[in-house]
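Text of structure26.pdb (PDB, C-alpha atoms) as supplied:
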ATOM      1  CA  MET H   1      49.633 123.072 137.597
ATOM      2  CA  THR H   2      51.200 120.562 139.983
ATOM      3  CA  GLY H   3      54.862 119.545 139.901
ATOM      4  CA  ASP H   4      53.939 116.021 138.832
ATOM      5  CA  ASN H   5      51.941 117.354 135.895
ATOM      6  CA  MET H   6      54.797 119.624 134.859
ATOM      7  CA  ASN H   7      57.303 116.740 135.028
ATOM      8  CA  ARG H   8      54.939 114.569 133.011
ATOM      9  CA  GLU H   9      54.514 117.218 130.342
ATOM     10  CA  ASP H  10      58.264 117.833 130.216
ATOM     11  CA  GLY H  11      58.842 114.103 129.891
ATOM     12  CA  GLU H  12      56.326 113.810 127.100
ATOM     13  CA  THR H  13      58.115 116.522 125.086
ATOM     14  CA  ARG H  14      61.524 114.845 125.205
ATOM     15  CA  SER H  15      62.801 113.690 121.814
ATOM     16  CA  ALA H  16      64.242 110.227 121.161
ATOM     17  CA  ASN H  17      67.708 111.760 120.991
ATOM     18  CA  GLU H  18      67.299 113.418 124.395
ATOM     19  CA  ILE H  19      65.957 110.247 125.969
ATOM     20  CA  LEU H  20      68.918 108.209 124.779
ATOM     21  CA  VAL H  21      71.456 110.859 125.782
ATOM     22  CA  GLU H  22      69.931 111.050 129.277
ATOM     23  CA  GLN H  23      70.002 107.277 129.628
ATOM     24  CA  LEU H  24      73.605 107.099 128.458
ATOM     25  CA  MET H  25      74.670 109.878 130.831
ATOM     26  CA  VAL H  26      72.925 108.336 133.832
ATOM     27  CA  ASN H  27      73.891 104.741 133.126
ATOM     28  CA  VAL H  28      77.175 105.247 131.287
ATOM     29  CA  GLY H  29      79.153 103.149 133.751
ATOM     30  CA  ARG H  30      76.767 100.195 133.666
ATOM     31  CA  ILE H  31      76.194 100.261 129.896
ATOM     32  CA  SER H  32      79.912 100.633 129.145
ATOM     33  CA  GLY H  33      80.710  97.810 131.578
ATOM     34  CA  VAL H  34      78.152  95.429 130.016
ATOM     35  CA  ILE H  35      79.385  96.196 126.484
ATOM     36  CA  GLU H  36      83.003  95.820 127.558
ATOM     37  CA  GLU H  37      82.325  92.498 129.299
ATOM     38  CA  ARG H  38      80.582  91.087 126.223
ATOM     39  CA  GLY H  39      83.478  92.245 124.035
ATOM     40  CA  HIS H  40      85.884  90.546 126.440
ATOM     41  CA  ASN H  41      83.971  87.256 126.225
ATOM     42  CA  ILE H  42      83.966  87.341 122.415
ATOM     43  CA  PHE H  43      87.254  88.914 121.377
ATOM     44  CA  VAL H  44      89.669  88.760 124.332
ATOM     45  CA  GLN H  45      89.090  85.093 125.086
ATOM     46  CA  GLY H  46      89.576  84.427 121.377
ATOM     47  CA  ASN H  47      92.929  86.261 121.505
ATOM     48  CA  ILE H  48      91.674  88.763 118.933
ATOM     49  CA  LEU H  49      91.691  91.941 121.028
ATOM     50  CA  SER H  50      93.281  92.745 124.379
ATOM     51  CA  ARG H  51      91.255  93.788 127.419
ATOM     52  CA  GLU H  52      92.717  97.289 127.123
ATOM     53  CA  GLU H  53      91.658  97.548 123.477
ATOM     54  CA  ILE H  54      88.097  96.458 124.290
ATOM     55  CA  SER H  55      87.971  98.999 127.118
ATOM     56  CA  ASP H  56      89.194 101.784 124.820
ATOM     57  CA  TYR H  57      86.729 100.783 122.097
ATOM     58  CA  SER H  58      83.805 100.768 124.561
ATOM     59  CA  VAL H  59      84.609 104.253 125.882
ATOM     60  CA  GLU H  60      85.149 105.669 122.394
ATOM     61  CA  PHE H  61      81.859 104.182 121.172
ATOM     62  CA  MET H  62      79.924 105.822 124.006
ATOM     63  CA  GLU H  63      81.526 109.200 123.298
ATOM     64  CA  LEU H  64      80.845 109.048 119.549
ATOM     65  CA  PHE H  65      77.280 107.819 120.029
ATOM     66  CA  VAL H  66      76.434 110.657 122.429
ATOM     67  CA  MET H  67      77.941 113.201 119.991
ATOM     68  CA  LEU H  68      75.714 111.792 117.229
ATOM     69  CA  LEU H  69      72.573 112.009 119.389
ATOM     70  CA  GLN H  70      73.177 115.562 120.570
ATOM     71  CA  HIS H  71      71.932 116.888 117.217
ATOM     72  CA  GLU H  72      68.187 117.340 116.870
ATOM     73  CA  GLY H  73      66.209 115.097 114.553
ATOM     74  CA  ARG H  74      67.152 111.751 113.065
ATOM     75  CA  PRO H  75      70.902 111.183 112.677
ATOM     76  CA  ASP H  76      72.165 112.439 109.337
ATOM     77  CA  ARG H  77      74.331 109.942 107.455
ATOM     78  CA  SER H  78      76.237 112.794 105.840
ATOM     79  CA  SER H  79      77.083 114.469 109.160
ATOM     80  CA  GLU H  80      80.611 114.445 110.564
ATOM     81  CA  GLU H  81      79.347 112.713 113.711
ATOM     82  CA  PHE H  82      77.814 109.824 111.773
ATOM     83  CA  ARG H  83      80.894 109.442 109.562
ATOM     84  CA  ALA H  84      83.073 109.373 112.681
ATOM     85  CA  LEU H  85      80.942 106.573 114.178
ATOM     86  CA  GLN H  86      80.963 104.744 110.847
ATOM     87  CA  GLN H  87      84.761 105.013 110.597
ATOM     88  CA  PHE H  88      85.114 103.829 114.205
ATOM     89  CA  PHE H  89      83.224 100.600 113.544
ATOM     90  CA  THR H  90      84.908 100.078 110.172
ATOM     91  CA  THR H  91      88.350 100.381 111.766
ATOM     92  CA  MET H  92      87.359  98.067 114.604
ATOM     93  CA  SER H  93      85.977  95.437 112.221
ATOM     94  CA  GLN H  94      89.096  95.583 110.026
ATOM     95  CA  GLN H  95      91.347  95.069 113.038
ATOM     96  CA  ILE H  96      89.258  92.112 114.208
ATOM     97  CA  LEU H  97      89.277  90.512 110.745
ATOM     98  CA  MET H  98      93.038  91.033 110.322
ATOM     99  CA  ARG H  99      93.570  89.110 113.558
ATOM    100  CA  GLY H 100      91.436  86.169 112.510
ATOM    101  CA  GLY H 101      88.066  87.307 113.832
ATOM    102  CA  ASP H 102      84.692  86.591 112.281
ATOM    103  CA  MET H 103      82.433  89.219 110.689
ATOM    104  CA  GLU H 104      79.246  87.495 111.878
ATOM    105  CA  GLU H 105      80.542  87.575 115.449
ATOM    106  CA  PHE H 106      81.287  91.282 115.104
ATOM    107  CA  VAL H 107      77.792  92.014 113.766
ATOM    108  CA  ARG H 108      76.265  90.097 116.684
ATOM    109  CA  TYR H 109      78.361  92.297 118.973
ATOM    110  CA  LEU H 110      76.839  95.410 117.355
ATOM    111  CA  GLN H 111      73.366  93.974 117.821
ATOM    112  CA  PHE H 112      74.188  93.299 121.465
ATOM    113  CA  MET H 113      75.125  96.989 121.901
ATOM    114  CA  GLN H 114      71.745  97.957 120.477
ATOM    115  CA  ASN H 115      69.906  95.496 122.745
ATOM    116  CA  VAL H 116      71.620  96.881 125.860
ATOM    117  CA  MET H 117      70.212 100.322 125.090
ATOM    118  CA  ILE H 118      66.762  98.925 124.313
ATOM    119  CA  GLU H 119      66.685  97.145 127.682
ATOM    120  CA  ASP H 120      67.406 100.458 129.414
ATOM    121  CA  LEU H 121      64.300 101.978 127.824
ATOM    122  CA  GLY H 122      62.131  99.600 129.813
ATOM    123  CA  ARG H 123      63.597 100.908 133.063
ATOM    124  CA  ASP H 124      62.421 104.482 132.429
ATOM    125  CA  ALA H 125      58.850 104.729 133.721
ATOM    126  CA  GLU H 126      58.422 108.277 132.411
ATOM    127  CA  ILE H 127      58.725 107.304 128.743
ATOM    128  CA  THR H 128      55.435 107.175 126.868
ATOM    129  CA  PRO H 129      54.639 104.422 124.332
ATOM    130  CA  GLU H 130      55.036 106.935 121.503
ATOM    131  CA  GLN H 131      58.465 107.997 122.781
ATOM    132  CA  THR H 132      59.466 104.348 123.137
ATOM    133  CA  ARG H 133      58.459 103.672 119.537
ATOM    134  CA  GLU H 134      60.344 106.743 118.302
ATOM    135  CA  THR H 135      63.455 105.813 120.263
ATOM    136  CA  LEU H 136      63.389 102.202 119.051
ATOM    137  CA  LEU H 137      63.122 103.413 115.460
ATOM    138  CA  LEU H 138      66.066 105.754 115.979
ATOM    139  CA  LEU H 139      68.223 102.973 117.444
ATOM    140  CA  ALA H 140      67.250 100.549 114.690
ATOM    141  CA  GLY H 141      68.018 103.127 111.996
ATOM    142  CA  VAL H 142      71.460 104.002 113.361
ATOM    143  CA  PHE H 143      72.594 100.427 113.993
ATOM    144  CA  ASN H 144      71.153  99.098 110.721
ATOM    145  CA  ASP H 145      73.014 101.797 108.809
ATOM    146  CA  ILE H 146      76.242 101.006 110.667
ATOM    147  CA  ILE H 147      75.906  97.254 110.062
ATOM    148  CA  LEU H 148      75.210  97.806 106.357
ATOM    149  CA  ASP H 149      78.211 100.115 106.045
ATOM    150  CA  VAL H 150      80.509  97.648 107.829
ATOM    151  CA  TYR H 151      79.324  94.814 105.594
ATOM    152  CA  ARG H 152      79.713  96.974 102.472
ATOM    153  CA  VAL H 153      83.336  97.794 103.314
ATOM    154  CA  TYR H 154      83.971  94.144 104.214
ATOM    155  CA  LEU H 155      82.544  92.878 100.908
ATOM    156  CA  GLU H 156      84.448  95.501  98.890
ATOM    157  CA  GLN H 157      87.724  94.506 100.527
ATOM    158  CA  LYS H 158      86.956  90.806 100.125
ATOM    159  CA  GLU H 159      86.143  91.296  96.447
ATOM    160  CA  SER H 160      89.336  93.292  95.965
ATOM    161  CA  THR H 161      91.352  90.533  97.655
ATOM    162  CA  ILE H 162      89.732  87.846  95.489
ATOM    163  CA  GLU H 163      90.422  89.844  92.321
ATOM    164  CA  ALA H 164      94.067  90.300  93.339
ATOM    165  CA  GLN H 165      94.402  86.574  94.065
ATOM    166  CA  GLN H 166      92.802  85.687  90.737
ATOM    167  CA  ALA H 167      95.158  88.049  88.911
ATOM    168  CA  GLU H 168      98.116  86.459  90.680
ATOM    169  CA  LEU H 169      96.881  82.979  89.829
ATOM    170  CA  ARG H 170      96.443  83.959  86.188
ATOM    171  CA  GLU H 171      99.962  85.327  86.213
ATOM    172  CA  ILE H 172     101.586  82.193  87.639
ATOM    173  CA  SER H 173      99.283  79.606  86.023
ATOM    174  CA  THR H 174     100.570  80.416  82.529
ATOM    175  CA  PRO H 175     104.356  80.690  82.738
ATOM    176  CA  ILE H 176     106.152  81.688  79.542
ATOM    177  CA  THR H 177     109.636  80.223  79.321
ATOM    178  CA  GLU H 178     112.440  80.621  76.801
ATOM    179  CA  ILE H 179     113.366  76.985  76.361
ATOM    180  CA  TRP H 180     115.934  77.747  73.639
ATOM    181  CA  ASP H 181     117.351  80.837  72.053
ATOM    182  CA  GLY H 182     114.408  82.199  70.030
ATOM    183  CA  VAL H 183     111.961  79.517  71.235
ATOM    184  CA  LEU H 184     109.238  80.238  73.818
ATOM    185  CA  THR H 185     106.974  77.688  75.482
ATOM    186  CA  LEU H 186     103.486  78.534  76.679
ATOM    187  CA  PRO H 187     101.801  75.720  78.636
ATOM    188  CA  ILE H 188      98.047  76.342  78.893
ATOM    189  CA  ILE H 189      96.390  74.733  81.902
ATOM    190  CA  GLY H 190      92.688  74.885  82.719
ATOM    191  CA  THR H 191      90.183  77.090  80.906
ATOM    192  CA  LEU H 192      90.799  80.091  78.691
ATOM    193  CA  ASP H 193      88.237  82.794  79.417
ATOM    194  CA  SER H 194      88.254  86.293  77.975
ATOM    195  CA  SER H 195      90.085  87.989  80.856
ATOM    196  CA  ARG H 196      92.746  85.297  81.098
ATOM    197  CA  THR H 197      93.249  85.303  77.316
ATOM    198  CA  MET H 198      93.901  89.042  77.340
ATOM    199  CA  VAL H 199      96.413  88.735  80.192
ATOM    200  CA  VAL H 200      98.240  85.809  78.579
ATOM    201  CA  MET H 201      98.229  87.399  75.125
ATOM    202  CA  GLU H 202      99.614  90.695  76.394
ATOM    203  CA  LYS H 203     102.320  88.915  78.355
ATOM    204  CA  LEU H 204     103.156  86.611  75.444
ATOM    205  CA  LEU H 205     103.429  89.372  72.848
ATOM    206  CA  GLY H 206     105.687  91.299  75.196
ATOM    207  CA  ARG H 207     107.960  88.284  75.615
ATOM    208  CA  ILE H 208     108.085  87.661  71.853
ATOM    209  CA  GLU H 209     109.321  91.207  71.335
ATOM    210  CA  GLN H 210     111.657  91.124  74.324
ATOM    211  CA  ASP H 211     113.299  87.780  73.472
ATOM    212  CA  ARG H 212     113.057  88.205  69.689
ATOM    213  CA  ALA H 213     111.319  84.845  69.607
ATOM    214  CA  ARG H 214     110.913  83.116  66.263
ATOM    215  CA  VAL H 215     108.912  80.092  67.443
ATOM    216  CA  VAL H 216     106.214  79.773  70.150
ATOM    217  CA  LEU H 217     105.245  76.316  71.367
ATOM    218  CA  MET H 218     101.706  76.377  72.775
ATOM    219  CA  ASP H 219     101.121  73.222  74.784
ATOM    220  CA  VAL H 220      97.478  72.377  75.556
ATOM    221  CA  THR H 221      98.102  69.120  77.401
ATOM    222  CA  GLY H 222      96.637  70.702  80.550
ATOM    223  CA  VAL H 223      93.371  71.767  78.873
ATOM    224  CA  MET H 224      90.796  69.286  80.144
ATOM    225  CA  ALA H 225      87.900  70.368  77.931
ATOM    226  CA  ILE H 226      87.306  72.737  75.061
ATOM    227  CA  ASP H 227      84.220  74.572  73.840
ATOM    228  CA  SER H 228      83.529  77.261  71.252
ATOM    229  CA  GLN H 229      84.672  80.056  73.573
ATOM    230  CA  VAL H 230      87.951  78.351  74.500
ATOM    231  CA  SER H 231      88.661  77.422  70.870
ATOM    232  CA  HIS H 232      87.946  81.012  69.795
ATOM    233  CA  HIS H 233      90.454  82.357  72.301
ATOM    234  CA  LEU H 234      92.982  79.727  71.227
ATOM    235  CA  VAL H 235      92.684  80.778  67.591
ATOM    236  CA  GLN H 236      93.017  84.423  68.652
ATOM    237  CA  MET H 237      96.315  83.686  70.361
ATOM    238  CA  ILE H 238      97.632  81.698  67.391
ATOM    239  CA  ARG H 239      96.809  84.541  64.990
ATOM    240  CA  ALA H 240      98.402  87.116  67.313
ATOM    241  CA  ILE H 241     101.632  85.092  67.365
ATOM    242  CA  GLY H 242     101.649  84.887  63.581
ATOM    243  CA  LEU H 243     101.165  88.650  63.229
ATOM    244  CA  THR H 244     104.406  89.230  65.178
ATOM    245  CA  GLY H 245     106.332  87.177  62.622
ATOM    246  CA  ALA H 246     106.868  84.238  64.961
ATOM    247  CA  ARG H 247     105.757  80.707  64.116
ATOM    248  CA  PRO H 248     103.101  79.145  66.390
ATOM    249  CA  VAL H 249     103.253  75.401  67.067
ATOM    250  CA  LEU H 250     100.351  73.738  68.866
ATOM    251  CA  THR H 251     101.285  70.671  70.904
ATOM    252  CA  GLY H 252      99.600  68.233  73.272
ATOM    253  CA  ILE H 253      96.253  67.898  71.480
ATOM    254  CA  ARG H 254      94.692  64.771  72.952
ATOM    255  CA  PRO H 255      92.156  62.716  70.951
ATOM    256  CA  GLU H 256      89.150  64.086  72.863
ATOM    257  CA  ILE H 257      90.326  67.656  72.283
ATOM    258  CA  ALA H 258      90.832  66.911  68.583
ATOM    259  CA  ARG H 259      87.283  65.510  68.337
ATOM    260  CA  ALA H 260      85.896  68.574  70.101
ATOM    261  CA  LEU H 261      87.717  70.941  67.730
ATOM    262  CA  THR H 262      86.408  68.981  64.755
ATOM    263  CA  SER H 263      82.811  69.052  66.016
ATOM    264  CA  LEU H 264      83.095  72.818  66.506
ATOM    265  CA  ASN H 265      84.326  73.227  62.906
ATOM    266  CA  ILE H 266      87.544  74.874  64.083
ATOM    267  CA  ASP H 267      89.960  74.990  61.165
ATOM    268  CA  LEU H 268      93.569  74.555  62.275
ATOM    269  CA  GLY H 269      94.770  73.542  58.819
ATOM    270  CA  ASP H 270      97.329  76.360  58.650
ATOM    271  CA  VAL H 271      98.635  75.676  62.149
ATOM    272  CA  THR H 272     101.561  73.334  62.761
ATOM    273  CA  THR H 273     100.541  70.739  65.353
ATOM    274  CA  ARG H 274     102.582  68.085  67.104
ATOM    275  CA  ALA H 275     101.576  65.364  69.528
ATOM    276  CA  THR H 276     103.985  66.305  72.317
ATOM    277  CA  LEU H 277     106.040  69.257  73.447
ATOM    278  CA  ALA H 278     109.228  67.327  72.611
ATOM    279  CA  GLU H 279     108.025  66.843  69.027
ATOM    280  CA  GLY H 280     107.165  70.524  68.859
ATOM    281  CA  LEU H 281     110.670  71.439  70.010
ATOM    282  CA  LYS H 282     112.155  69.266  67.256
ATOM    283  CA  GLU H 283     110.024  71.156  64.748
ATOM    284  CA  ALA H 284     111.269  74.441  66.151
ATOM    285  CA  PHE H 285     114.886  73.282  65.812
ATOM    286  CA  HIS H 286     114.187  72.297  62.218
ATOM    287  CA  TRP H 287     112.891  75.769  61.383
ATOM    288  CA  LEU H 288     115.806  77.419  63.154
ATOM    289  CA  GLY H 289     118.334  75.182  61.440
ATOM    290  CA  VAL H 290     119.558  73.761  64.738
ATOM    291  CA  ARG H 291     121.139  70.313  64.460
ATOM    292  CA  MET H 292     121.179  68.166  67.578
ATOM    293  CA  ALA H 293     123.806  65.451  67.950
ATOM    294  CA  ASP H 294     122.469  62.102  69.143
ATOM    295  CA  ALA H 295     124.210  61.301  72.403
ATOM    296  CA  ARG H 296     123.680  57.618  71.744
ATOM    297  CA  THR H 297     125.706  57.762  68.532
ATOM    298  CA  PRO H 298     129.348  56.732  69.184
ATOM    299  CA  ALA H 299     131.960  59.263  68.220
TER     300      ALA H 299
END

Mind turning this structure into structure tokens?
Amino acid sequence: MTGDNMNREDGETRSANEILVEQLMVNVGRISGVIEERGHNIFVQGNILSREEISDYSVEFMELFVMLLQHEGRPDRSSEEFRALQQFFTTMSQQILMRGGDMEEFVRYLQFMQNVMIEDLGRDAEITPEQTRETLLLLAGVFNDIILDVYRVYLEQKESTIEAQQAELREISTPITEIWDGVLTLPIIGTLDSSRTMVVMEKLLGRIEQDRARVVLMDVTGVMAIDSQVSHHLVQMIRAIGLTGARPVLTGIRPEIARALTSLNIDLGDVTTRATLAEGLKEAFHWLGVRMADARTPA
């Protein structure tokens, strides 16, 4: 058997992992330089990462990728090597996002890394079509998994941030204030959904107990529209106030809100209502036996 035949047979038995490792070892300087230069154009010029950080990231990526490929067979997502590569890209993406970078730009950077390695396959004349197909599938599988993992972490963190912001907005959008000794005001602005009702109700009942409130003025001037769900939550809150022993007073019901409540057959007959918050406060003073002197009356 000639030397050429032996080399051909040896080449035909190389796995996709071995082919990629050999290419990376032979062309590590060129591949790392191309990846680093692209990272510089995207992230350094945008003042997101420094040149040193891009250089460190490029070297670390090459090391982790070779470690992943040195195991036989398709890369195992549960392996330590894959998790290390996954954590590397997750950390890199988080740093880029924290500094004002764009996730789409980062994903395009990952795809560029994959394309650099695919281009190197075409330079190896000893690779058979079957080996090329196998190697392309391996590259696509690894990079697709990495991109999906990065996006999953990104979406989880984004969802967590949105939930925290919504919770904060719910907290500050319904301030409960003790306007007088024993009198709390609760201005309701916007829409009352189930989650917001629970937050407001829990906070309100805690304040009633804490301040020993005897009257709660619920002002709905800021409620633009009302439907069966909103009215149901409103009635829930009124009943909860009454169960604590405090008196609920509903203020700020505009004509369109009154018509909506009537059309929904919402019975507020047992609830004290007043046109304005000022009128509601007068009612609270009346119940508490507080007499206010008219400043306009001469002594």

- Just say which residues the PyMOL selection byres ((chain H and resi 35) around 10) picks in this file, as a PyMOL selection string. chain H and resi 30-34+36-40+54-55+57-59+61-62+109-110+112-114+116

Take the residues from that selection and put them in a file with C-alpha atoms, as a PDB file, keeping the file's coordinate frame.
ATOM      1  CA  ARG H  30      76.767 100.195 133.666  1.00  0.00           C
ATOM      2  CA  ILE H  31      76.194 100.261 129.896  1.00  0.00           C
ATOM      3  CA  SER H  32      79.912 100.633 129.145  1.00  0.00           C
ATOM      4  CA  GLY H  33      80.710  97.810 131.578  1.00  0.00           C
ATOM      5  CA  VAL H  34      78.152  95.429 130.016  1.00  0.00           C
ATOM      6  CA  GLU H  36      83.003  95.820 127.558  1.00  0.00           C
ATOM      7  CA  GLU H  37      82.325  92.498 129.299  1.00  0.00           C
ATOM      8  CA  ARG H  38      80.582  91.087 126.223  1.00  0.00           C
ATOM      9  CA  GLY H  39      83.478  92.245 124.035  1.00  0.00           C
ATOM     10  CA  HIS H  40      85.884  90.546 126.440  1.00  0.00           C
ATOM     11  CA  ILE H  54      88.097  96.458 124.290  1.00  0.00           C
ATOM     12  CA  SER H  55      87.971  98.999 127.118  1.00  0.00           C
ATOM     13  CA  TYR H  57      86.729 100.783 122.097  1.00  0.00           C
ATOM     14  CA  SER H  58      83.805 100.768 124.561  1.00  0.00           C
ATOM     15  CA  VAL H  59      84.609 104.253 125.882  1.00  0.00           C
ATOM     16  CA  PHE H  61      81.859 104.182 121.172  1.00  0.00           C
ATOM     17  CA  MET H  62      79.924 105.822 124.006  1.00  0.00           C
ATOM     18  CA  TYR H 109      78.361  92.297 118.973  1.00  0.00           C
ATOM     19  CA  LEU H 110      76.839  95.410 117.355  1.00  0.00           C
ATOM     20  CA  PHE H 112      74.188  93.299 121.465  1.00  0.00           C
ATOM     21  CA  MET H 113      75.125  96.989 121.901  1.00  0.00           C
ATOM     22  CA  GLN H 114      71.745  97.957 120.477  1.00  0.00           C
ATOM     23  CA  VAL H 116      71.620  96.881 125.860  1.00  0.00           C
TER      24      VAL H 116
END

Hey, could you pull the box centre and edge lengths for region 278-294 of chain H, axis-aligned, 6 Å padding per side, all listed atoms, to one decimal in Å, as lines of an AutoDock Vina configuration file?
center_x = 115.5
center_y = 69.8
center_z = 67.0
size_x = 28.6
size_y = 27.3
size_z = 23.2

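For the choices H:Glu178, H:Asp219, H:Glu63, H:Glu104, the atom-to-atom distance to Val150 (chain H) is smallest for H:Glu104 when using all atoms listed in the file.
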
- Message: Using all atoms listed in the file, can you tell me which of H:Arg212, H:Arg83, H:Arg247, H:Arg51 comes closest to Glu283 (chain H)?
- Response: H:Arg247

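Our summary of the geometry notes that CA of Asp56 (chain H) is positioned 25.4 Å from CA of Gln157 (chain H).
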
Residues matched by the PyMOL selection byres ((chain H and resi 272-282) around 7) as a PDB file with C-alpha atoms, in the frame of the given file:
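out-v9.pdb written:
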ATOM      1  CA  LEU H 217     105.245  76.316  71.367  1.00  0.00           C
ATOM      2  CA  ASP H 219     101.121  73.222  74.784  1.00  0.00           C
ATOM      3  CA  VAL H 249     103.253  75.401  67.067  1.00  0.00           C
ATOM      4  CA  LEU H 250     100.351  73.738  68.866  1.00  0.00           C
ATOM      5  CA  THR H 251     101.285  70.671  70.904  1.00  0.00           C
ATOM      6  CA  GLY H 252      99.600  68.233  73.272  1.00  0.00           C
ATOM      7  CA  ILE H 253      96.253  67.898  71.480  1.00  0.00           C
ATOM      8  CA  ASP H 270      97.329  76.360  58.650  1.00  0.00           C
ATOM      9  CA  VAL H 271      98.635  75.676  62.149  1.00  0.00           C
ATOM     10  CA  GLU H 283     110.024  71.156  64.748  1.00  0.00           C
ATOM     11  CA  ALA H 284     111.269  74.441  66.151  1.00  0.00           C
ATOM     12  CA  PHE H 285     114.886  73.282  65.812  1.00  0.00           C
ATOM     13  CA  HIS H 286     114.187  72.297  62.218  1.00  0.00           C
TER      14      HIS H 286
END

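Going from CA of Ile127 (chain H) to CA of Asp145 (chain H) covers 25.1 Å.
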
- Task: On this file, the PyMOL selection byres ((chain H and resi 229-233) around 12) gives some set of residues; write that set as a ChimeraX atom specification.
- Result: /H:188-201,220,223-228,234-240,257-258,260-268

- Who sits within 12 Å of Glu18 (chain H), all atoms listed in the file, same chain under 2 positions skipped, as an NGL selection string: :H and (10-16 or 20-25 or 66-74 or 127 or 131 or 134-135 or 138)

- When distances are computed from only C-alpha atoms, which of H:Ala213, H:Leu121, H:Leu155, H:Ile48 shows the smallest separation from Met98 (chain H)?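 For Met98 (chain H), the nearest of the candidates is H:Ile48.
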
- Message: Please report the interatomic distance between CA of Pro175 (chain H) and CA of Pro187 (chain H) in Å with one decimal.
- Response: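 Result for CA of Pro175 (chain H) versus CA of Pro187 (chain H): 6.9 Å, one decimal.
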
- Which is closest to Glu81 (chain H) among H:Leu136, H:Val183, H:Val142, H:Met117, if we use all atoms listed in the file? H:Val142

- Tell me which protein, DNA and RNA residues are within 10 Å of Phe106 (chain H), counting all atoms listed in the file, leaving out same-chain ones fewer than 4 positions away, and put them as a VMD selection string. chain H and resid 39 42 to 43 89 92 to 93 96 to 97 101 to 102 110 to 112 147 150

Same residues, C-alpha atoms, output as a short mmCIF file (atom, residue, chain, number, x, y, z; two decimals), keeping the file's coordinate frame:
data_model
loop_
_atom_site.label_atom_id
_atom_site.label_comp_id
_atom_site.auth_asym_id
_atom_site.auth_seq_id
_atom_site.Cartn_x
_atom_site.Cartn_y
_atom_site.Cartn_z
CA GLY H 39 83.48 92.24 124.04
CA ILE H 42 83.97 87.34 122.42
CA PHE H 43 87.25 88.91 121.38
CA PHE H 89 83.22 100.60 113.54
CA MET H 92 87.36 98.07 114.60
CA SER H 93 85.98 95.44 112.22
CA ILE H 96 89.26 92.11 114.21
CA LEU H 97 89.28 90.51 110.74
CA GLY H 101 88.07 87.31 113.83
CA ASP H 102 84.69 86.59 112.28
CA LEU H 110 76.84 95.41 117.36
CA GLN H 111 73.37 93.97 117.82
CA PHE H 112 74.19 93.30 121.46
CA ILE H 147 75.91 97.25 110.06
CA VAL H 150 80.51 97.65 107.83
#
